[in-house]
Number of protein chains: 4
Amino acid sequence: MKAAVLHQYDPKLKNQDFVAWEEIPEPKLKRDTEVLVRIGGAGVCRTDLHIIEGIWREKVDVQLPYVMGHENAGWVEEVGRGVEGFKKGDPVICHPLNLNCTALAARLGHDMHVEGAEFPGISTNGGYAELLRTGASSLIKLPQTLAPKDVAPHADAGLTAYHVAKKAAEHLRPGERVVVIGVGGLGHIAIQVLSVVCPADIIALDRSEIALELAKECGAHHTAKADENQVEAIRALTDGKGAEAVIDFVGEGNSIANGLAMTRNNGAYYIVGYGGEIRISAIDMITTERRIIGNLVGNYAELVELMELANRGKVHLATKHYRLDEANQALRDLNQGKVRGRAVLVP
Amino acid sequence: MKAAVLHQYDPKLKNQDFVAWEEIPEPKLKRDTEVLVRIGGAGVCRTDLHIIEGIWREKVDVQLPYVMGHENAGWVEEVGRGVEGFKKGDPVICHPLNLNCTALAARLGHDMHVEGAEFPGISTNGGYAELLRTGASSLIKLPQTLAPKDVAPHADAGLTAYHVAKKAAEHLRPGERVVVIGVGGLGHIAIQVLSVVCPADIIALDRSEIALELAKECGAHHTAKADENQVEAIRALTDGKGAEAVIDFVGEGNSIANGLAMTRNNGAYYIVGYGGEIRISAIDMITTERRIIGNLVGNYAELVELMELANRGKVHLATKHYRLDEANQALRDLNQGKVRGRAVLVP
Amino acid sequence: MKAAVLHQYDPKLKNQDFVAWEEIPEPKLKRDTEVLVRIGGAGVCRTDLHIIEGIWREKVDVQLPYVMGHENAGWVEEVGRGVEGFKKGDPVICHPLNLNCTALAARLGHDMHVEGAEFPGISTNGGYAELLRTGASSLIKLPQTLAPKDVAPHADAGLTAYHVAKKAAEHLRPGERVVVIGVGGLGHIAIQVLSVVCPADIIALDRSEIALELAKECGAHHTAKADENQVEAIRALTDGKGAEAVIDFVGEGNSIANGLAMTRNNGAYYIVGYGGEIRISAIDMITTERRIIGNLVGNYAELVELMELANRGKVHLATKHYRLDEANQALRDLNQGKVRGRAVLVP
Amino acid sequence: MKAAVLHQYDPKLKNQDFVAWEEIPEPKLKRDTEVLVRIGGAGVCRTDLHIIEGIWREKVDVQLPYVMGHENAGWVEEVGRGVEGFKKGDPVICHPLNLNCTALAARLGHDMHVEGAEFPGISTNGGYAELLRTGASSLIKLPQTLAPKDVAPHADAGLTAYHVAKKAAEHLRPGERVVVIGVGGLGHIAIQVLSVVCPADIIALDRSEIALELAKECGAHHTAKADENQVEAIRALTDGKGAEAVIDFVGEGNSIANGLAMTRNNGAYYIVGYGGEIRISAIDMITTERRIIGNLVGNYAELVELMELANRGKVHLATKHYRLDEANQALRDLNQGKVRGRAVLVP
């Protein structure tokens, strides 16, 4: 089959072509409970750029060359003999992990904390290719209303946004406020999800006026420009005391310090974006009794829930489609800030 | 009345006498719902040393001279005309805040996050004195089994330990582990509380063998010495992966970095002690999905619960009694590490 | 002052006039923390008819003659000397209980379970009058957007609907279903609240097509006619297995048996309406692991939250106004099913 | 292999021999993910008597002849080719269901609510035999401290007790009370579990003084005789108002009515035993805001947790051993109340 293969890291993203579109062997099922999925859409994520930069090298054990792509949807192509409930041709979205449901962590709802689970596109070959191998237990059948190419980014971007939005929704009440820092691929989904799952006022924060416009369309009640006065702007919208929840999809530059500063006493700061460092004195944490919460992608059941919302038209993805053999163009566009919403590779 | 009055800060704790035992006017009720309490026991807390050092000056608006003492118990001496349910002579323990129950934060169970509440001993005159003014709604009647001088430190030290232990207990399951860093005034209570409210294994960590002995008496299942190999020691006790909960009563030196390092993926690090700084990269927080939780003292209902446990003999305080006019001796002993458990001033 | 006074019970509601519009002494403050409220709106509730019938006689200790009216809003007229934060002229809505915030139950958020609290309009004189006595701690200041006569029924009808909707929302996920039985005064609010606080699909059930139309305007996703096939109708909408939550605002006739029958395994049946009896075998409860949940009115914080939603235009009350001296007309209209939404007495 | 086979129902339990000890074909794996377990212990449960009576016939689709026994532990005998993590000879306890971990209900932690799951001993052949077929995902490896014959009843009796105790523990605080009705096979485990997972006072209620003695050994703080004054007895122990939680392991006769009567306002009544009927007026449910909660056996993760407690010596089973070919004797003894704790069939 054909795939877009990463052969070498490129710490400063200087290359013209990051991956090579070439013939590689088709994947083979490793377990009877696995499937091959014919890719209908493979989302292109900022994490892919970070992989190319080599940032994930120390976190994940993967050998080059390999195939990126961890936001995958398509059609079942082949099923292992132990697979029940799926057949060739079924349209599906893939939870990003090759899930092992029998692990205790999975049974407790913590799919991402199962030891040793494969992460296609991160720790093994992913979806920048014609075919993807993963576990049948990672698949969710799509309703007719949802095409693989339109929902693929929900597998990771959407699911991460949903996961953190749901955590925040657990403690947010009417009259309280949640700040969404960064209205990009994840942020614009988070705003839509928050609109549905929580009754709090949503305040969107971004450097770009265009992003703030998108935020309003997605359901934000207030917007604020991320400039040097952003903490004051948020305080002005929150009785001078900050928001009960702050979700930071940027996580670098001054975003973290500002995000903590705009978190109200007894409130929670959710960190999703990365690149920066959290620094705060113990006495400041204690006297304010704030919480700092790390966030990964959600579990399988949360992806099911997100698909239910998508199927009801409650969560819509802004996507830009590229052919699979145009992966480099998509990556370059993403790197240069030319993608509104989310880039998706399609066959 | 007589009181131990703080007249000046002493950043390096060099003085022989920190406070002056002298005559000051008796407190007067400010509201009909307030009471005067005749002090039966006033706990001496490390925070008092920090107040003398001036550390709290920027956090709290208080003018010297004033009277410290925020862990108070005694007998009702005078009640305002709007007070119901208490009469002169009733033995009571005082929630550390002069509580305003009608504030929305209080109704949500967040007594410590009520705006503008007085904090006797911190923001206004406290219990290093013969009489204390506070709100009737801060009082809990003591059963005959519990003498004011024996339970006073529960008002803050005990209540803080109970509050954080209860937070941790909410997510701890049988077979999981909680590390208690620092088996001092708070830590030894936390271990006792954890033994009662949660089914997880308790691992106590301290530099001192004596403290670790105390930990075992309090119910710790494992102990580890806080030396340069403490992270490895904890990992050895936790499948190499760390504990699901870590409660840090030290919060300075390398305690924070080590505490975070021994917190398992998807686990929580609770910070109670202070002095140090939290530093961690966003990517480390995200990939591990850990939580960092700030902790203050608990609410009124939690103090009621703690008294129920104390009354049943489930939580015992190690105390050392000094006369009220020996406050300087108690403070010096505390500063020099000569107090086992908790120092309490008695009439 | 003038008030509509209930002098005698009328078990079959045969009288033309249930109450007498007459002069009675003005109420006097019993505590320094109480207030008088000049009534701007007093909701007329089906419970008032049940009171007249004598149904509540055995549940509540009240002596005739007295004044009904437990859904009150208006303007502060007089404040006790211990009252802070309110002054004459402030527009307010009254939590239905004369709240005692210092009771332990109240501090735990269970305002309705405080022992011995007065319940104006139920256990003591209520709001079918020019003036009402209650506690300052029961008051919520209204924003300019909300007039007392328009929000009064939120004090009980709205708050009960909000309370139960919030309980259900705690466990409802996208793709799950909640059935609302009875789209009357409470039901039409519950549907609006559910639309905001929970992502599940809402199915409204009522005998009346007009009520079902109202349900759709309020945000119901599906409607079903309450006839002899209602259980089948709900099963047809829920994979044949019933809904994860059923909220029964009728609670009499076959509503309870049907409501239980349409509750899915592992689901919850919330009972709010009354008059009927719950009968179910233990083995049926166990094998299905269903829950049956009793529901009262909500607490003060929930009323604050409901006002936040009302202020944002998220929850709208259908009301029909009568003058205070037309209380009998309002009660007769309610009894004869002539009130759409909620009757409110205004000065 | 040999098995104790049920050939016919016996509604009044009049037969001398309920089952026949005879040769039947060995079970064969139906899926690659299944295993055969050599029985080391098979618990004998009151439900088995109810099965013989035919009570379960309408709830479960099973054809006679078949083999009862749903509380099984032993050693892995054969593993399917898709099984990972288990090998011949491993000592194991079996979750009572043949679990399908990929079902959405299972991923949400509701193993018992997975549609169509086999229930060995109830809906298909169980453990009154030399060999049992079940899913590898139902197995938990036993530590050396726990022998199959000693822990088998934990698979159902223990797990049900643990499941309901944990539900109650979620809302019980120090100073509150939980009543355990019926100190038999389940009740004596529930008391032990409650002692570990919750800080409330435990009140045991039983007709038998011997059972109440056992309750005290298990950790009950108070006991009361189940006679005609039991409601008064419980009220006397609970400020006259009843307990915050009541767990009813009897569920027949007057146990349900009494259990509800001793449940405090805002409290929960947990029904586990069966045979009787729940009857309560809607108005009584509403004014008291009580909850009635149905209870089944727990999920896999809860069985893991229970084994952790057993392994730490926190939960001990009183057992009486019979040989597998003495199943009739065990059933007769159980029926005649001659078994203290739990009967277990062993090879």
# chains A, B, ... in the order shown; residues from 1 in each chain; ligands from 1
>>> closest_atom_pairs(of="chain B", to="chain A", cutoff="6 Å", atoms="only C-alpha atoms", output="Markdown table")
| residue | atom | partner | partner_atom | distance |
| --- | --- | --- | --- | --- |
| B:Tyr274 | CA | A:Ala282 | CA | 4.9 |
| B:Gly276 | CA | A:Ala282 | CA | 5.6 |
| B:Glu277 | CA | A:Ser281 | CA | 4.1 |
| B:Ile278 | CA | A:Ile280 | CA | 5.3 |
| B:Arg279 | CA | A:Arg279 | CA | 4.6 |
| B:Ile280 | CA | A:Ile278 | CA | 5.3 |
| B:Ser281 | CA | A:Glu277 | CA | 4.1 |
| B:Ala282 | CA | A:Tyr274 | CA | 4.9 |
| B:Ile283 | CA | A:Tyr274 | CA | 5.2 |
| B:Met285 | CA | A:Gly294 | CA | 4.9 |
| B:Ile286 | CA | A:Gly294 | CA | 4.6 |
| B:Glu289 | CA | A:Gly294 | CA | 4.3 |
| B:Arg290 | CA | A:Gly294 | CA | 5.3 |
| B:Arg291 | CA | A:Ile293 | CA | 4.5 |
| B:Ile292 | CA | A:Ile292 | CA | 5.0 |
| B:Ile293 | CA | A:Arg291 | CA | 4.5 |
| B:Gly294 | CA | A:Glu289 | CA | 4.3 |
| B:Asn295 | CA | A:Ile286 | CA | 5.0 |
| B:Leu296 | CA | A:Ile286 | CA | 5.8 |
>>> residues_around(residues="Thr33 (chain D)", least_positions_apart="2", cutoff="9 Å", atoms="only C-alpha atoms", output="ChimeraX atom specification")
/A:82 /D:29-31,35,79-84,134-137
>>> atom_distance(atom1="CA of Leu303 (chain B)", atom2="CA of Gly116 (chain C)")
23.3 Å
>>> atom_distance(atom1="CA of Gly219 (chain C)", atom2="CA of Ala243 (chain C)")
17.4 Å
>>> closest_residue(among="C:Lys320, C:Arg264, C:His95, C:Arg235", to="Arg342 (chain C)", atoms="only C-alpha atoms")
C:Lys320
>>> closest_residue(among="D:Asp201, D:Glu130, D:Glu22, D:Glu305", to="His7 (chain D)", atoms="only C-alpha atoms")
D:Glu22
>>> residues_around(residues="region 173-179 of chain B", least_positions_apart="2", cutoff="9 Å", atoms="only C-alpha atoms", output="ChimeraX atom specification")
/B:168-171,181,194,198-205,234,237-238,242-248,259,262-263 /D:197,304-309
>>> select_by_dssp(residues="region 120-268 of chain D", states="helix (DSSP H, G or I)", output="number ranges by chain")
D: 136-138, 148-155, 157-169, 187-197, 209-218, 230-237, 255-261
>>> closest_residue(among="B:Leu331, B:Ala236, B:Leu64, B:Val231", to="Thr47 (chain B)", atoms="only C-alpha atoms")
B:Leu331
>>> select_by_dssp(residues="region 158-292 of chain D", states="strand (DSSP E or B)", output="count of residues only")
37
>>> atom_distance(atom1="CA of His50 (chain A)", atom2="CA of Gln192 (chain A)")
26.2 Å
>>> closest_residue(among="D:Val76, D:Asn15, D:Asp333, D:Leu172", to="Gly267 (chain D)", atoms="only C-alpha atoms")
D:Leu172
>>> closest_residue(among="B:Gly253, B:Leu139, B:Leu99, B:Ser123", to="Ala155 (chain B)", atoms="only C-alpha atoms")
B:Leu139
